[in-house]
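**Q** Would you mind keeping the following structure in view while I ask a few things?
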Amino acid sequence: MNGGSAVAGLPGNASSGLPLCTERLVLRPFRESDWPEVQEYAGDPQVTRYLRWGPNDVRRTRQFLRQAIDEARAAEISRLQLAVVEQKSVRVRGGLSLERRAPGVFEIGYCFARAVWGLGYATEAVPAALDFAAGRLAAAEVFGLVAPGNEASERVLLRCGFRRVPDPAPYAAWRDGLCAAASVYRRQLS
């Protein structure tokens, strides 16, 4: 759930091949009816403290959902926003995004409700998204930005095979706002 400039669309209908299922989670396009559960985490200052956006009010959450739904239905997609749904409770517990930043290069972002912190959901969702990016989106590289102090996100990316980029200069165009001082972690997929 981050803003950004559009880049040429993803190949074909990028949302085909969804949902993605893991042992405990389903990653699927957002729905309008998700708004109360999205608002629960998107409106939480603790959840959004390291992010480029938030905390959201109800109006902003509804606006985000409309945008995410419209983007997923578009003929050309530059950003794919997915709801992360807990299979057991069938509740939206977070969100994950893949945004094309250059040919073959995608930025990944994610956030989860505090109620599920420490359960390993991010570490479970990210590999599923990477497989989708490599297979369906022809991604060669995925990178994530980690704001200073966000050690939990850093651990997730390291567990998922990302490595810190020693020279973040090539990623400067995307390190804006709160992420201006962010560390860059990248993973080659091909």
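Chain labels A, B, ... are given in the sequence in which chains occur in the structure tokens; within each chain residues are numbered consecutively from 1, and ligands are likewise numbered from 1 in the order shown.
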Write out as a PDB file with N, CA and C atoms, in the first residue's frame which residues come within 6 Å of range 161-165 of chain A when counting only C-alpha atoms, dropping same-chain ones fewer than 2 positions away.
**A**
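Writing done, so here's result-v9.pdb:
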ATOM      1  N   LEU A 157      13.222 -10.320   5.224  1.00  0.00           N
ATOM      2  CA  LEU A 157      13.885 -10.345   3.921  1.00  0.00           C
ATOM      3  C   LEU A 157      15.121 -11.238   3.939  1.00  0.00           C
ATOM      4  N   LEU A 158      15.897 -11.183   4.998  1.00  0.00           N
ATOM      5  CA  LEU A 158      17.079 -12.045   5.081  1.00  0.00           C
ATOM      6  C   LEU A 158      16.676 -13.518   5.092  1.00  0.00           C
ATOM      7  N   ARG A 159      15.629 -13.864   5.837  1.00  0.00           N
ATOM      8  CA  ARG A 159      15.150 -15.258   5.857  1.00  0.00           C
ATOM      9  C   ARG A 159      14.664 -15.713   4.484  1.00  0.00           C
ATOM     10  N   ASP A 167      25.631  -0.568  -1.933  1.00  0.00           N
ATOM     11  CA  ASP A 167      25.511   0.759  -2.530  1.00  0.00           C
ATOM     12  C   ASP A 167      24.078   0.950  -3.014  1.00  0.00           C
ATOM     13  N   PRO A 168      23.255   1.662  -2.243  1.00  0.00           N
ATOM     14  CA  PRO A 168      21.844   1.810  -2.619  1.00  0.00           C
ATOM     15  C   PRO A 168      21.600   2.862  -3.702  1.00  0.00           C
ATOM     16  N   VAL A 184      18.437  -1.019   1.367  1.00  0.00           N
ATOM     17  CA  VAL A 184      17.886  -1.748   0.233  1.00  0.00           C
ATOM     18  C   VAL A 184      18.324  -3.202   0.346  1.00  0.00           C
ATOM     19  N   TYR A 185      17.361  -4.097   0.196  1.00  0.00           N
ATOM     20  CA  TYR A 185      17.620  -5.533   0.179  1.00  0.00           C
ATOM     21  C   TYR A 185      17.132  -6.059  -1.159  1.00  0.00           C
ATOM     22  N   ARG A 186      17.931  -6.886  -1.802  1.00  0.00           N
ATOM     23  CA  ARG A 186      17.529  -7.381  -3.108  1.00  0.00           C
ATOM     24  C   ARG A 186      17.722  -8.881  -3.196  1.00  0.00           C
ATOM     25  N   ARG A 187      16.939  -9.455  -4.101  1.00  0.00           N
ATOM     26  CA  ARG A 187      17.065 -10.884  -4.375  1.00  0.00           C
ATOM     27  C   ARG A 187      16.971 -11.099  -5.865  1.00  0.00           C
TER      28      ARG A 187
END
**Q** Determine which residues of range 3-141 of chain A receive a DSSP assignment of alpha helix (DSSP H), computed from the backbone, and state them as a VMD selection string.
**A** chain A and resid 35 to 42 45 to 48 58 to 73 121 to 136
**Q** Can you tell me which residues surround Arg49 in chain A at a distance of at most 12 Å, considering only C-alpha atoms, apart from same-chain residues fewer than 2 positions away, and format the answer as a PDB file with C-alpha atoms, in the first residue's frame?
**A**
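This is the output file selection_25.pdb:
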ATOM      1  CA  TYR A  41      -3.994  -2.602  10.439  1.00  0.00           C
ATOM      2  CA  ALA A  42      -3.792   0.394   8.080  1.00  0.00           C
ATOM      3  CA  GLY A  43      -5.119   2.714  10.770  1.00  0.00           C
ATOM      4  CA  ASP A  44      -2.702   1.461  13.421  1.00  0.00           C
ATOM      5  CA  PRO A  45       0.195   3.872  14.018  1.00  0.00           C
ATOM      6  CA  GLN A  46       2.365   1.001  15.283  1.00  0.00           C
ATOM      7  CA  VAL A  47       1.846  -0.976  12.060  1.00  0.00           C
ATOM      8  CA  LEU A  51       5.929   2.838   6.043  1.00  0.00           C
ATOM      9  CA  ARG A  52       5.573   5.564   3.411  1.00  0.00           C
ATOM     10  CA  TRP A  53       1.878   5.896   4.223  1.00  0.00           C
ATOM     11  CA  GLY A  54      -0.520   5.875   7.146  1.00  0.00           C
ATOM     12  CA  PRO A  55      -1.947   5.613   9.562  1.00  0.00           C
ATOM     13  CA  ASN A  56      -5.050   5.686   7.380  1.00  0.00           C
ATOM     14  CA  CYS A 111       2.496  -5.037   6.346  1.00  0.00           C
ATOM     15  CA  VAL A 146      13.641  -1.213   5.021  1.00  0.00           C
ATOM     16  CA  ALA A 147      13.333   1.973   7.051  1.00  0.00           C
ATOM     17  CA  PRO A 148      15.888   2.534   9.823  1.00  0.00           C
ATOM     18  CA  GLY A 149      14.848   0.659  12.969  1.00  0.00           C
ATOM     19  CA  ASN A 150      12.576  -1.838  11.217  1.00  0.00           C
ATOM     20  CA  LEU A 178      10.272   8.058   5.073  1.00  0.00           C
ATOM     21  CA  CYS A 179      12.288   5.615   2.963  1.00  0.00           C
TER      22      CYS A 179
END
**Q** Could you list, with a cut-off of 7 Å and counting only C-alpha atoms, the residues of range 67-146 of chain A near range 16-30 of chain A, each shown with its nearest atom pair and the distance in Å rounded to one decimal, rows sorted by chain and ascending number, as a tab-separated table?
**A**
residue	atom	partner	partner_atom	distance
A:Ala68	CA	A:Phe30	CA	6.7
A:Ile69	CA	A:Phe30	CA	6.1
A:Ala72	CA	A:Pro29	CA	6.9
A:Gln81	CA	A:Pro29	CA	6.5
A:Leu82	CA	A:Pro29	CA	4.7
A:Ala83	CA	A:Phe30	CA	5.2
A:Val84	CA	A:Leu27	CA	4.7
A:Val85	CA	A:Val26	CA	5.0
A:Glu86	CA	A:Leu25	CA	4.8
A:Gln87	CA	A:Leu25	CA	5.2
A:Ala128	CA	A:Leu20	CA	6.8
**Q** Residues of the last selection are to be written out with N, CA and C atoms, as a compact mmCIF listing (two decimals), in the first residue's frame.
**A**
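Heads up, here's the output in part13.txt:
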# COMPACT_ATOMS: atom_id res chain seq x y z
N ALA A 68 -6.69 -0.32 -5.52
CA ALA A 68 -6.11 -1.66 -5.66
C ALA A 68 -6.99 -2.55 -6.53
N ILE A 69 -8.29 -2.46 -6.36
CA ILE A 69 -9.23 -3.26 -7.15
C ILE A 69 -9.18 -2.83 -8.61
N ALA A 72 -5.94 -4.02 -10.24
CA ALA A 72 -5.93 -5.47 -10.51
C ALA A 72 -6.76 -5.83 -11.73
N GLN A 81 -1.52 -5.30 -5.74
CA GLN A 81 -1.72 -5.24 -4.29
C GLN A 81 -2.56 -6.45 -3.90
N LEU A 82 -2.06 -7.24 -2.96
CA LEU A 82 -2.74 -8.46 -2.56
C LEU A 82 -3.12 -8.45 -1.08
N ALA A 83 -4.31 -8.92 -0.81
CA ALA A 83 -4.74 -9.15 0.57
C ALA A 83 -4.09 -10.44 1.04
N VAL A 84 -3.60 -10.45 2.26
CA VAL A 84 -3.06 -11.67 2.86
C VAL A 84 -4.10 -12.15 3.86
N VAL A 85 -4.72 -13.27 3.53
CA VAL A 85 -5.85 -13.80 4.29
C VAL A 85 -5.40 -15.03 5.07
N GLU A 86 -5.73 -15.04 6.34
CA GLU A 86 -5.45 -16.19 7.20
C GLU A 86 -6.48 -17.27 6.86
N GLN A 87 -6.02 -18.45 6.45
CA GLN A 87 -6.94 -19.51 6.06
C GLN A 87 -7.87 -19.91 7.20
N ALA A 128 5.98 -16.92 -1.54
CA ALA A 128 4.90 -17.17 -2.50
C ALA A 128 4.83 -16.04 -3.52
**Q** Could you pull out the strand (DSSP E) residues of range 6-164 of chain A from DSSP and send them as number ranges by chain?
**A** A: 20-21, 25-29, 79-86, 91-102, 105-112, 141-146, 163-164
**Q** When you count only C-alpha atoms, which of these residues is closest to Val156 in chain A: A:Gln39, A:Ser97, A:Thr123, A:Gln188?
**A**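 Of A:Gln39, A:Ser97, A:Thr123, A:Gln188, the one nearest Val156 in chain A, counting only C-alpha atoms, is A:Thr123.
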